[in-house]
$ cat start38.csv   # CSV, N, CA and C atoms
chain,number,residue,atom,x,y,z
A,1,MET,N,-22.6,7.8,-16.3
A,1,MET,CA,-21.5,7.2,-15.6
A,1,MET,C,-21.9,7.2,-14.1
A,2,THR,N,-21.8,6.1,-13.4
A,2,THR,CA,-22.1,6.0,-12.0
A,2,THR,C,-20.9,6.7,-11.2
A,3,LEU,N,-21.2,6.9,-9.9
A,3,LEU,CA,-20.2,7.5,-9.1
A,3,LEU,C,-19.0,6.5,-8.9
A,4,VAL,N,-19.2,5.2,-8.8
A,4,VAL,CA,-18.1,4.3,-8.7
A,4,VAL,C,-17.3,4.3,-10.0
A,5,ASP,N,-18.0,4.4,-11.2
A,5,ASP,CA,-17.3,4.5,-12.5
A,5,ASP,C,-16.4,5.7,-12.5
A,6,ALA,N,-16.9,6.8,-12.0
A,6,ALA,CA,-16.1,8.1,-12.0
A,6,ALA,C,-14.9,7.9,-11.1
A,7,ALA,N,-15.0,7.2,-9.9
A,7,ALA,CA,-13.9,7.0,-9.1
A,7,ALA,C,-12.9,6.0,-9.7
A,8,ARG,N,-13.4,5.0,-10.4
A,8,ARG,CA,-12.6,4.0,-11.1
A,8,ARG,C,-11.7,4.7,-12.2
A,9,ALA,N,-12.4,5.6,-12.9
A,9,ALA,CA,-11.6,6.3,-14.0
A,9,ALA,C,-10.5,7.2,-13.4
A,10,VAL,N,-10.8,8.0,-12.4
A,10,VAL,CA,-9.8,8.9,-11.8
A,10,VAL,C,-8.7,8.1,-11.1
A,11,ARG,N,-9.0,6.9,-10.6
A,11,ARG,CA,-8.0,6.1,-10.0
A,11,ARG,C,-6.8,5.9,-10.9
A,12,GLU,N,-7.0,5.8,-12.1
A,12,GLU,CA,-5.9,5.5,-13.1
A,12,GLU,C,-4.9,6.7,-13.1
A,13,ASN,N,-5.3,7.9,-12.6
A,13,ASN,CA,-4.4,9.0,-12.6
A,13,ASN,C,-3.6,9.1,-11.3
A,14,ALA,N,-3.8,8.2,-10.4
A,14,ALA,CA,-3.1,8.3,-9.1
A,14,ALA,C,-1.6,8.3,-9.3
A,15,HIS,N,-0.9,9.0,-8.4
A,15,HIS,CA,0.5,9.0,-8.4
A,15,HIS,C,0.9,8.2,-7.2
A,16,ALA,N,1.2,6.9,-7.4
A,16,ALA,CA,1.5,6.0,-6.2
A,16,ALA,C,2.7,5.1,-6.5
A,17,PRO,N,3.9,5.8,-6.8
A,17,PRO,CA,5.0,5.0,-7.2
A,17,PRO,C,5.7,4.3,-6.0
A,18,TYR,N,5.3,4.6,-4.8
A,18,TYR,CA,6.0,4.0,-3.6
A,18,TYR,C,5.2,2.9,-3.0
A,19,SER,N,3.9,3.0,-2.9
A,19,SER,CA,3.0,2.0,-2.4
A,19,SER,C,2.4,1.1,-3.5
A,20,ASN,N,2.3,1.7,-4.7
A,20,ASN,CA,1.6,1.1,-5.8
A,20,ASN,C,0.2,0.7,-5.5
A,21,PHE,N,-0.4,1.5,-4.6
A,21,PHE,CA,-1.8,1.4,-4.1
A,21,PHE,C,-2.6,2.6,-4.6
A,22,LYS,N,-3.2,2.5,-5.8
A,22,LYS,CA,-3.9,3.6,-6.4
A,22,LYS,C,-5.4,3.6,-5.8
A,23,VAL,N,-5.8,4.8,-5.5
A,23,VAL,CA,-7.2,5.0,-4.9
A,23,VAL,C,-7.8,6.1,-5.7
A,24,GLY,N,-9.1,5.9,-6.0
A,24,GLY,CA,-9.9,6.9,-6.7
A,24,GLY,C,-11.1,7.2,-5.8
A,25,ALA,N,-11.6,8.5,-5.8
A,25,ALA,CA,-12.8,8.8,-5.1
A,25,ALA,C,-13.6,9.8,-5.9
A,26,ALA,N,-14.9,9.7,-5.7
A,26,ALA,CA,-15.8,10.6,-6.4
A,26,ALA,C,-16.9,11.0,-5.4
A,27,ILE,N,-17.3,12.3,-5.5
A,27,ILE,CA,-18.2,12.9,-4.7
A,27,ILE,C,-19.3,13.5,-5.5
A,28,ARG,N,-20.6,13.2,-5.2
A,28,ARG,CA,-21.7,13.9,-5.8
A,28,ARG,C,-22.2,14.9,-4.8
A,29,THR,N,-22.4,16.1,-5.2
A,29,THR,CA,-22.9,17.2,-4.3
A,29,THR,C,-24.5,17.3,-4.4
A,30,LYS,N,-25.0,18.1,-3.6
A,30,LYS,CA,-26.5,18.3,-3.5
A,30,LYS,C,-27.0,18.8,-4.9
A,31,SER,N,-26.1,19.5,-5.6
A,31,SER,CA,-26.5,20.1,-6.9
A,31,SER,C,-26.5,19.0,-8.0
A,32,GLY,N,-25.9,17.9,-7.7
A,32,GLY,CA,-25.7,16.8,-8.7
A,32,GLY,C,-24.4,16.8,-9.4
A,33,ALA,N,-23.6,17.8,-9.2
A,33,ALA,CA,-22.2,17.8,-9.7
A,33,ALA,C,-21.4,16.7,-9.1
A,34,VAL,N,-20.4,16.2,-9.9
A,34,VAL,CA,-19.5,15.2,-9.5
A,34,VAL,C,-18.1,15.7,-9.5
A,35,TYR,N,-17.4,15.5,-8.4
A,35,TYR,CA,-16.0,15.9,-8.3
A,35,TYR,C,-15.1,14.6,-7.9
A,36,THR,N,-14.0,14.5,-8.5
A,36,THR,CA,-13.2,13.4,-8.3
A,36,THR,C,-11.8,13.7,-7.8
A,37,GLY,N,-11.1,12.7,-7.2
A,37,GLY,CA,-9.8,12.9,-6.7
A,37,GLY,C,-9.1,11.5,-6.7
A,38,CYS,N,-7.8,11.6,-6.7
A,38,CYS,CA,-6.9,10.3,-6.6
A,38,CYS,C,-5.8,10.6,-5.6
A,39,ASN,N,-5.3,9.5,-5.1
A,39,ASN,CA,-4.2,9.7,-4.2
A,39,ASN,C,-2.9,10.1,-4.9
A,40,VAL,N,-2.2,11.0,-4.2
A,40,VAL,CA,-0.9,11.6,-4.8
A,40,VAL,C,0.1,11.4,-3.7
A,41,GLU,N,1.0,10.4,-3.9
A,41,GLU,CA,2.1,10.2,-2.9
A,41,GLU,C,3.2,11.1,-3.1
A,42,ASN,N,4.0,11.2,-2.1
A,42,ASN,CA,5.2,12.0,-2.1
A,42,ASN,C,6.3,11.3,-1.3
A,43,ILE,N,7.5,11.3,-1.8
A,43,ILE,CA,8.6,10.6,-1.2
A,43,ILE,C,8.8,11.0,0.3
A,44,ALA,N,8.4,12.3,0.6
A,44,ALA,CA,8.5,12.8,1.9
A,44,ALA,C,7.2,12.4,2.7
A,45,TYR,N,7.1,11.2,3.1
A,45,TYR,CA,5.9,10.8,3.8
A,45,TYR,C,5.8,11.6,5.1
A,46,PRO,N,4.6,12.0,5.5
A,46,PRO,CA,3.3,11.7,5.0
A,46,PRO,C,2.7,12.9,4.2
A,47,GLU,N,3.5,13.5,3.4
A,47,GLU,CA,3.1,14.7,2.6
A,47,GLU,C,2.2,14.4,1.4
A,48,GLY,N,1.8,13.2,1.2
A,48,GLY,CA,0.9,12.8,0.1
A,48,GLY,C,-0.6,13.3,0.4
A,49,THR,N,-1.4,13.1,-0.5
A,49,THR,CA,-2.8,13.5,-0.4
A,49,THR,C,-3.7,12.3,-0.8
A,50,CYS,N,-4.7,12.0,0.1
A,50,CYS,CA,-5.7,11.0,-0.2
A,50,CYS,C,-6.6,11.3,-1.3
A,51,ALA,N,-7.2,10.3,-1.9
A,51,ALA,CA,-8.2,10.5,-3.0
A,51,ALA,C,-9.4,11.3,-2.5
A,52,GLU,N,-9.9,11.0,-1.3
A,52,GLU,CA,-11.1,11.7,-0.8
A,52,GLU,C,-10.8,13.1,-0.6
A,53,ALA,N,-9.6,13.4,0.0
A,53,ALA,CA,-9.2,14.8,0.2
A,53,ALA,C,-9.1,15.6,-1.1
A,54,GLY,N,-8.6,14.9,-2.1
A,54,GLY,CA,-8.5,15.6,-3.5
A,54,GLY,C,-9.9,15.9,-4.0
A,55,ALA,N,-10.8,15.0,-3.9
A,55,ALA,CA,-12.2,15.2,-4.4
A,55,ALA,C,-12.9,16.3,-3.6
A,56,ILE,N,-12.6,16.4,-2.3
A,56,ILE,CA,-13.2,17.4,-1.5
A,56,ILE,C,-12.6,18.8,-1.8
A,57,ALA,N,-11.3,18.8,-2.1
A,57,ALA,CA,-10.7,20.1,-2.5
A,57,ALA,C,-11.2,20.6,-3.8
A,58,ALA,N,-11.4,19.7,-4.8
A,58,ALA,CA,-12.0,20.0,-6.1
A,58,ALA,C,-13.4,20.6,-5.9
A,59,MET,N,-14.2,19.9,-5.0
A,59,MET,CA,-15.6,20.4,-4.7
A,59,MET,C,-15.6,21.8,-4.2
A,60,CYS,N,-14.7,22.0,-3.2
A,60,CYS,CA,-14.7,23.4,-2.6
A,60,CYS,C,-14.1,24.4,-3.5
A,61,ALA,N,-13.2,24.0,-4.4
A,61,ALA,CA,-12.6,25.0,-5.4
A,61,ALA,C,-13.7,25.4,-6.3
A,62,ALA,N,-14.7,24.5,-6.5
A,62,ALA,CA,-15.8,24.9,-7.4
A,62,ALA,C,-16.9,25.6,-6.7
A,63,GLY,N,-16.7,25.9,-5.4
A,63,GLY,CA,-17.7,26.6,-4.7
A,63,GLY,C,-18.9,25.8,-4.1
A,64,GLU,N,-18.7,24.5,-4.0
A,64,GLU,CA,-19.7,23.7,-3.4
A,64,GLU,C,-19.2,23.1,-2.1
A,65,TYR,N,-20.2,22.9,-1.1
A,65,TYR,CA,-19.8,22.5,0.2
A,65,TYR,C,-20.7,21.4,0.8
A,66,GLU,N,-21.6,20.8,0.1
A,66,GLU,CA,-22.5,19.8,0.6
A,66,GLU,C,-22.4,18.5,-0.2
A,67,ILE,N,-21.9,17.5,0.5
A,67,ILE,CA,-21.8,16.2,-0.2
A,67,ILE,C,-23.1,15.4,0.0
A,68,ALA,N,-23.6,14.8,-1.1
A,68,ALA,CA,-24.8,13.9,-1.1
A,68,ALA,C,-24.4,12.5,-1.2
A,69,GLU,N,-23.3,12.1,-1.7
A,69,GLU,CA,-22.9,10.7,-2.0
A,69,GLU,C,-21.4,10.6,-2.2
A,70,VAL,N,-20.8,9.5,-1.8
A,70,VAL,CA,-19.4,9.3,-2.0
A,70,VAL,C,-19.1,7.9,-2.5
A,71,ALA,N,-18.1,7.8,-3.3
A,71,ALA,CA,-17.6,6.4,-3.8
A,71,ALA,C,-16.1,6.4,-3.7
A,72,VAL,N,-15.5,5.3,-3.3
A,72,VAL,CA,-14.1,5.1,-3.2
A,72,VAL,C,-13.8,3.8,-3.7
A,73,ILE,N,-12.7,3.7,-4.5
A,73,ILE,CA,-12.3,2.4,-5.1
A,73,ILE,C,-10.8,2.2,-5.1
A,74,ALA,N,-10.4,0.9,-4.8
A,74,ALA,CA,-9.0,0.5,-4.8
A,74,ALA,C,-8.9,-0.9,-5.3
A,75,ASP,N,-7.7,-1.3,-5.7
A,75,ASP,CA,-7.4,-2.7,-6.1
A,75,ASP,C,-7.0,-3.4,-4.8
A,76,SER,N,-8.0,-3.9,-4.1
A,76,SER,CA,-7.7,-4.6,-2.8
A,76,SER,C,-8.7,-5.8,-2.7
A,77,PRO,N,-8.4,-6.7,-1.8
A,77,PRO,CA,-9.2,-7.9,-1.7
A,77,PRO,C,-10.6,-7.6,-1.1
A,78,ALA,N,-10.7,-6.6,-0.4
A,78,ALA,CA,-12.0,-6.2,0.2
A,78,ALA,C,-12.2,-4.7,0.0
A,79,PRO,N,-13.4,-4.2,0.0
A,79,PRO,CA,-13.6,-2.7,-0.1
A,79,PRO,C,-12.8,-1.9,1.0
A,80,VAL,N,-12.2,-0.9,0.5
A,80,VAL,CA,-11.3,-0.1,1.4
A,80,VAL,C,-12.0,1.1,1.9
A,81,PRO,N,-12.1,1.3,3.2
A,81,PRO,CA,-12.8,2.5,3.8
A,81,PRO,C,-11.8,3.7,3.8
A,82,PRO,N,-12.3,4.9,3.8
A,82,PRO,CA,-11.5,6.1,3.9
A,82,PRO,C,-10.6,6.0,5.2
A,83,CYS,N,-9.5,6.6,5.2
A,83,CYS,CA,-8.6,6.6,6.4
A,83,CYS,C,-9.3,7.5,7.5
A,84,GLY,N,-8.8,7.5,8.7
A,84,GLY,CA,-9.4,8.3,9.7
A,84,GLY,C,-9.5,9.8,9.4
A,85,GLY,N,-8.5,10.3,8.9
A,85,GLY,CA,-8.5,11.8,8.5
A,85,GLY,C,-9.5,12.1,7.5
A,86,CYS,N,-9.7,11.2,6.5
A,86,CYS,CA,-10.6,11.5,5.4
A,86,CYS,C,-12.1,11.2,5.9
A,87,ARG,N,-12.2,10.4,6.9
A,87,ARG,CA,-13.6,10.2,7.5
A,87,ARG,C,-14.0,11.5,8.2
A,88,GLN,N,-13.1,12.2,8.9
A,88,GLN,CA,-13.4,13.5,9.5
A,88,GLN,C,-13.6,14.5,8.4
A,89,LYS,N,-12.8,14.5,7.3
A,89,LYS,CA,-13.0,15.5,6.3
A,89,LYS,C,-14.4,15.3,5.6
A,90,LEU,N,-14.8,14.0,5.4
A,90,LEU,CA,-16.1,13.8,4.8
A,90,LEU,C,-17.2,14.3,5.8
A,91,ALA,N,-17.0,14.0,7.1
A,91,ALA,CA,-18.0,14.5,8.1
A,91,ALA,C,-18.2,16.0,8.1
A,92,GLU,N,-17.2,16.7,7.7
A,92,GLU,CA,-17.2,18.2,7.6
A,92,GLU,C,-18.2,18.7,6.6
A,93,PHE,N,-18.4,17.9,5.5
A,93,PHE,CA,-19.2,18.3,4.4
A,93,PHE,C,-20.4,17.5,4.1
A,94,ALA,N,-20.6,16.4,4.9
A,94,ALA,CA,-21.7,15.4,4.6
A,94,ALA,C,-22.5,15.2,5.9
A,95,ALA,N,-23.8,15.1,5.8
A,95,ALA,CA,-24.6,14.7,6.9
A,95,ALA,C,-24.3,13.2,7.2
A,96,GLY,N,-24.7,12.8,8.4
A,96,GLY,CA,-24.4,11.4,8.9
A,96,GLY,C,-25.0,10.3,8.1
A,97,ASP,N,-26.2,10.6,7.4
A,97,ASP,CA,-26.8,9.6,6.6
A,97,ASP,C,-26.3,9.5,5.1
A,98,VAL,N,-25.4,10.3,4.8
A,98,VAL,CA,-24.8,10.3,3.4
A,98,VAL,C,-24.2,8.9,3.1
A,99,PRO,N,-24.5,8.3,2.0
A,99,PRO,CA,-23.9,7.0,1.7
A,99,PRO,C,-22.5,7.1,1.2
A,100,VAL,N,-21.7,6.1,1.6
A,100,VAL,CA,-20.3,6.0,1.2
A,100,VAL,C,-20.2,4.6,0.6
A,101,THR,N,-20.0,4.5,-0.7
A,101,THR,CA,-19.8,3.2,-1.3
A,101,THR,C,-18.3,2.9,-1.5
A,102,MET,N,-17.9,1.8,-0.9
A,102,MET,CA,-16.5,1.4,-1.0
A,102,MET,C,-16.5,0.2,-1.9
A,103,ALA,N,-15.6,0.3,-2.9
A,103,ALA,CA,-15.6,-0.7,-4.0
A,103,ALA,C,-14.1,-1.2,-4.2
A,104,THR,N,-14.1,-2.4,-4.8
A,104,THR,CA,-12.8,-3.0,-5.3
A,104,THR,C,-12.8,-3.0,-6.8
A,105,THR,N,-11.7,-3.0,-7.4
A,105,THR,CA,-11.6,-3.0,-8.9
A,105,THR,C,-12.2,-4.4,-9.4
A,106,ALA,N,-12.3,-5.4,-8.6
A,106,ALA,CA,-12.9,-6.7,-9.0
A,106,ALA,C,-14.4,-6.7,-8.9
A,107,GLY,N,-15.0,-5.6,-8.4
A,107,GLY,CA,-16.4,-5.5,-8.3
A,107,GLY,C,-17.1,-5.7,-7.0
A,108,LEU,N,-16.4,-5.9,-5.9
A,108,LEU,CA,-17.0,-6.0,-4.6
A,108,LEU,C,-17.4,-4.6,-4.2
A,109,ARG,N,-18.5,-4.5,-3.4
A,109,ARG,CA,-19.0,-3.2,-3.0
A,109,ARG,C,-19.6,-3.4,-1.6
A,110,GLU,N,-19.4,-2.3,-0.8
A,110,GLU,CA,-20.0,-2.2,0.5
A,110,GLU,C,-20.4,-0.7,0.7
A,111,THR,N,-21.6,-0.5,1.2
A,111,THR,CA,-22.1,0.9,1.4
A,111,THR,C,-22.4,1.1,2.9
A,112,VAL,N,-21.9,2.1,3.4
A,112,VAL,CA,-22.1,2.5,4.8
A,112,VAL,C,-22.4,4.0,4.8
A,113,SER,N,-22.9,4.5,5.9
A,113,SER,CA,-23.2,5.9,6.0
A,113,SER,C,-21.9,6.6,6.6
A,114,VAL,N,-21.9,7.9,6.4
A,114,VAL,CA,-20.8,8.7,7.0
A,114,VAL,C,-20.7,8.5,8.5
A,115,ALA,N,-21.9,8.5,9.2
A,115,ALA,CA,-22.0,8.3,10.6
A,115,ALA,C,-21.5,6.9,11.0
A,116,GLY,N,-21.8,5.9,10.1
A,116,GLY,CA,-21.3,4.5,10.3
A,116,GLY,C,-19.8,4.4,10.3
A,117,LEU,N,-19.2,5.3,9.4
A,117,LEU,CA,-17.7,5.3,9.3
A,117,LEU,C,-17.0,6.0,10.4
A,118,LEU,N,-17.7,7.0,11.0
A,118,LEU,CA,-17.1,7.9,12.0
A,118,LEU,C,-18.2,8.1,13.1
A,119,PRO,N,-18.5,7.1,13.9
A,119,PRO,CA,-19.4,7.4,15.1
A,119,PRO,C,-18.7,8.3,16.0
A,120,GLY,N,-19.5,9.2,16.6
A,120,GLY,CA,-19.0,10.2,17.6
A,120,GLY,C,-18.1,11.2,16.9
A,121,ALA,N,-18.4,11.6,15.7
A,121,ALA,CA,-17.5,12.5,15.0
A,121,ALA,C,-17.5,13.9,15.7
A,122,PHE,N,-16.3,14.5,15.7
A,122,PHE,CA,-16.1,15.8,16.2
A,122,PHE,C,-16.7,16.8,15.3
A,123,GLY,N,-17.6,17.6,15.7
A,123,GLY,CA,-18.3,18.5,14.9
A,123,GLY,C,-18.3,20.0,15.4
A,124,ALA,N,-19.0,20.8,14.6
A,124,ALA,CA,-19.0,22.3,15.0
A,124,ALA,C,-19.7,22.5,16.3
A,125,ALA,N,-20.6,21.7,16.7
A,125,ALA,CA,-21.4,21.8,18.0
A,125,ALA,C,-20.4,21.7,19.1
A,126,HIS,N,-19.3,20.9,19.0
A,126,HIS,CA,-18.3,20.8,20.0
A,126,HIS,C,-17.6,22.1,20.3
A,127,MET,N,-17.6,23.0,19.4
A,127,MET,CA,-16.8,24.2,19.5
A,127,MET,C,-17.7,25.3,20.2
A,128,GLU,N,-19.0,25.1,20.4
A,128,GLU,CA,-19.8,26.1,21.0
A,128,GLU,C,-19.5,26.2,22.5
A,129,LYS,N,-19.5,27.3,23.0
A,129,LYS,CA,-19.3,27.5,24.4
A,129,LYS,C,-20.6,27.5,25.2
A,130,GLY,N,-20.6,26.8,26.3
A,130,GLY,CA,-21.8,26.5,27.1
A,130,GLY,C,-22.2,27.7,27.8
$ encode --input "start38.csv" --output "structure tokens"
Amino acid sequence: MTLVDAARAVRENAHAPYSNFKVGAAIRTKSGAVYTGCNVENIAYPEGTCAEAGAIAAMCAAGEYEIAEVAVIADSPAPVPPCGGCRQKLAEFAAGDVPVTMATTAGLRETVSVAGLLPGAFGAAHMEKG
């Protein structure tokens, strides 16, 4: 199963009764393990969870912290990029050259790097004192 296929499969489990916009995400770690997540909406906006955040949480819960590849899929006219918050979350666990494949359920795909999604990302080096 490809990473996009894993994201497509978990997308079906999304809880999106308000927007009806289901998103699935899959992350492959350096070890080769795959973790998935789907968006989970809540009537008390913005208390929902993005698919990417769910996959990252599953990865961390399993004791892994290095992302090697990401896939995100939604039923949209064009590939949907992660939201700003999820871009920062991905940058926390992925090097700038890690590929992020954005896909549609109709088969369109676009791949960019984490750095391409979040140029000038805030990182741990910004927290160091001069």
$ residues_around --input "start38.csv" --residues "A:Ala9" --least-positions-apart "6" --cutoff "8 Å" --atoms "only N, CA and C atoms" --output "MDAnalysis selection string"
chainID A and resid 3 24:25
$ select_by_dssp --input "start38.csv" --residues "chain A" --states "strand (DSSP E)" --output "ChimeraX atom specification"
/A:23-29,34-38,67-74,99-104,109-113
$ closest_atom_pairs --input "start38.csv" --of "stretch 24-95 of chain A" --to "stretch 99-114 of chain A" --cutoff "8 Å" --atoms "all atoms listed in the file" --output "Markdown table"
| residue | atom | partner | partner_atom | distance |
| --- | --- | --- | --- | --- |
| A:Ile67 | C | A:Pro99 | N | 7.5 |
| A:Ala68 | C | A:Pro99 | N | 5.3 |
| A:Glu69 | CA | A:Pro99 | C | 4.8 |
| A:Val70 | C | A:Thr101 | N | 4.0 |
| A:Ala71 | CA | A:Thr101 | C | 4.2 |
| A:Val72 | C | A:Ala103 | N | 4.0 |
| A:Ile73 | CA | A:Ala103 | C | 4.1 |
| A:Ala74 | C | A:Thr105 | N | 4.1 |
| A:Asp75 | CA | A:Thr105 | N | 4.5 |
| A:Ser76 | N | A:Thr104 | CA | 5.0 |
| A:Pro77 | C | A:Thr104 | CA | 6.6 |
| A:Ala78 | C | A:Thr104 | CA | 5.6 |
| A:Pro79 | CA | A:Ala103 | C | 4.4 |
| A:Val80 | N | A:Ala103 | N | 5.0 |
| A:Pro81 | N | A:Met102 | CA | 6.1 |
| A:Pro82 | N | A:Met102 | CA | 7.3 |
| A:Arg87 | C | A:Val114 | C | 7.3 |
| A:Leu90 | C | A:Val114 | CA | 6.8 |
| A:Ala91 | N | A:Val114 | CA | 6.5 |
| A:Ala94 | C | A:Val114 | CA | 6.8 |
| A:Ala95 | C | A:Val114 | CA | 5.7 |
$ select_by_dssp --input "start38.csv" --residues "stretch 29-110 of chain A" --states "alpha helix (DSSP H)" --output "PyMOL selection string"
chain A and resi 51-61+84-93
$ closest_residue --input "start38.csv" --among "A:Phe122, A:Glu128, A:Ala51, A:Gly116" --to "A:Val98" --atoms "all atoms listed in the file"
A:Gly116
$ atom_distance --input "start38.csv" --atom1 "atom N of A:Glu47" --atom2 "atom CA of A:Tyr18"
12.1 Å
$ atom_distance --input "start38.csv" --atom1 "atom CA of A:Ala33" --atom2 "atom CA of A:Val4"
14.1 Å
$ atom_distance --input "start38.csv" --atom1 "atom CA of A:Ile27" --atom2 "atom CA of A:Gly48"
19.7 Å
$ build_atoms --input "start38.csv" --residues "stretch 115-123 of chain A" --atoms "all heavy atoms" --output "PDB file, in the coordinates of the input"
ATOM      1  N   ALA A 115     -21.900   8.500   9.200  1.00  0.00           N
ATOM      2  CA  ALA A 115     -22.000   8.300  10.600  1.00  0.00           C
ATOM      3  C   ALA A 115     -21.500   6.900  11.000  1.00  0.00           C
ATOM      4  O   ALA A 115     -20.882   6.653  12.028  1.00  0.00           O
ATOM      5  CB  ALA A 115     -23.395   8.475  11.128  1.00  0.00           C
ATOM      6  N   GLY A 116     -21.800   5.900  10.100  1.00  0.00           N
ATOM      7  CA  GLY A 116     -21.300   4.500  10.300  1.00  0.00           C
ATOM      8  C   GLY A 116     -19.800   4.400  10.300  1.00  0.00           C
ATOM      9  O   GLY A 116     -19.156   3.610  10.958  1.00  0.00           O
ATOM     10  N   LEU A 117     -19.200   5.300   9.400  1.00  0.00           N
ATOM     11  CA  LEU A 117     -17.700   5.300   9.300  1.00  0.00           C
ATOM     12  C   LEU A 117     -17.000   6.000  10.400  1.00  0.00           C
ATOM     13  O   LEU A 117     -15.927   5.700  10.830  1.00  0.00           O
ATOM     14  CB  LEU A 117     -17.287   6.002   7.993  1.00  0.00           C
ATOM     15  CG  LEU A 117     -17.383   5.249   6.693  1.00  0.00           C
ATOM     16  CD1 LEU A 117     -17.021   6.168   5.538  1.00  0.00           C
ATOM     17  CD2 LEU A 117     -16.485   4.023   6.693  1.00  0.00           C
ATOM     18  N   LEU A 118     -17.700   7.000  11.000  1.00  0.00           N
ATOM     19  CA  LEU A 118     -17.100   7.900  12.000  1.00  0.00           C
ATOM     20  C   LEU A 118     -18.200   8.100  13.100  1.00  0.00           C
ATOM     21  O   LEU A 118     -18.646   9.251  13.291  1.00  0.00           O
ATOM     22  CB  LEU A 118     -16.643   9.170  11.413  1.00  0.00           C
ATOM     23  CG  LEU A 118     -15.798  10.057  12.316  1.00  0.00           C
ATOM     24  CD1 LEU A 118     -14.503   9.363  12.720  1.00  0.00           C
ATOM     25  CD2 LEU A 118     -15.483  11.370  11.614  1.00  0.00           C
ATOM     26  N   PRO A 119     -18.500   7.100  13.900  1.00  0.00           N
ATOM     27  CA  PRO A 119     -19.400   7.400  15.100  1.00  0.00           C
ATOM     28  C   PRO A 119     -18.700   8.300  16.000  1.00  0.00           C
ATOM     29  O   PRO A 119     -17.522   8.289  16.264  1.00  0.00           O
ATOM     30  CB  PRO A 119     -19.573   5.960  15.676  1.00  0.00           C
ATOM     31  CG  PRO A 119     -18.426   5.142  15.184  1.00  0.00           C
ATOM     32  CD  PRO A 119     -17.957   5.745  13.890  1.00  0.00           C
ATOM     33  N   GLY A 120     -19.500   9.200  16.600  1.00  0.00           N
ATOM     34  CA  GLY A 120     -19.000  10.200  17.600  1.00  0.00           C
ATOM     35  C   GLY A 120     -18.100  11.200  16.900  1.00  0.00           C
ATOM     36  O   GLY A 120     -17.242  11.760  17.588  1.00  0.00           O
ATOM     37  N   ALA A 121     -18.400  11.600  15.700  1.00  0.00           N
ATOM     38  CA  ALA A 121     -17.500  12.500  15.000  1.00  0.00           C
ATOM     39  C   ALA A 121     -17.500  13.900  15.700  1.00  0.00           C
ATOM     40  O   ALA A 121     -18.441  14.328  16.287  1.00  0.00           O
ATOM     41  CB  ALA A 121     -18.099  12.775  13.562  1.00  0.00           C
ATOM     42  N   PHE A 122     -16.300  14.500  15.700  1.00  0.00           N
ATOM     43  CA  PHE A 122     -16.100  15.800  16.200  1.00  0.00           C
ATOM     44  C   PHE A 122     -16.700  16.800  15.300  1.00  0.00           C
ATOM     45  O   PHE A 122     -16.484  16.734  14.055  1.00  0.00           O
ATOM     46  CB  PHE A 122     -14.592  16.088  16.358  1.00  0.00           C
ATOM     47  CG  PHE A 122     -14.282  17.444  16.912  1.00  0.00           C
ATOM     48  CD1 PHE A 122     -14.383  17.693  18.275  1.00  0.00           C
ATOM     49  CD2 PHE A 122     -13.888  18.472  16.088  1.00  0.00           C
ATOM     50  CE1 PHE A 122     -14.108  18.938  18.802  1.00  0.00           C
ATOM     51  CE2 PHE A 122     -13.588  19.734  16.599  1.00  0.00           C
ATOM     52  CZ  PHE A 122     -13.696  19.958  17.960  1.00  0.00           C
ATOM     53  N   GLY A 123     -17.600  17.600  15.700  1.00  0.00           N
ATOM     54  CA  GLY A 123     -18.300  18.500  14.900  1.00  0.00           C
ATOM     55  C   GLY A 123     -18.300  20.000  15.400  1.00  0.00           C
ATOM     56  O   GLY A 123     -17.833  20.267  16.488  1.00  0.00           O
TER      57      GLY A 123
END
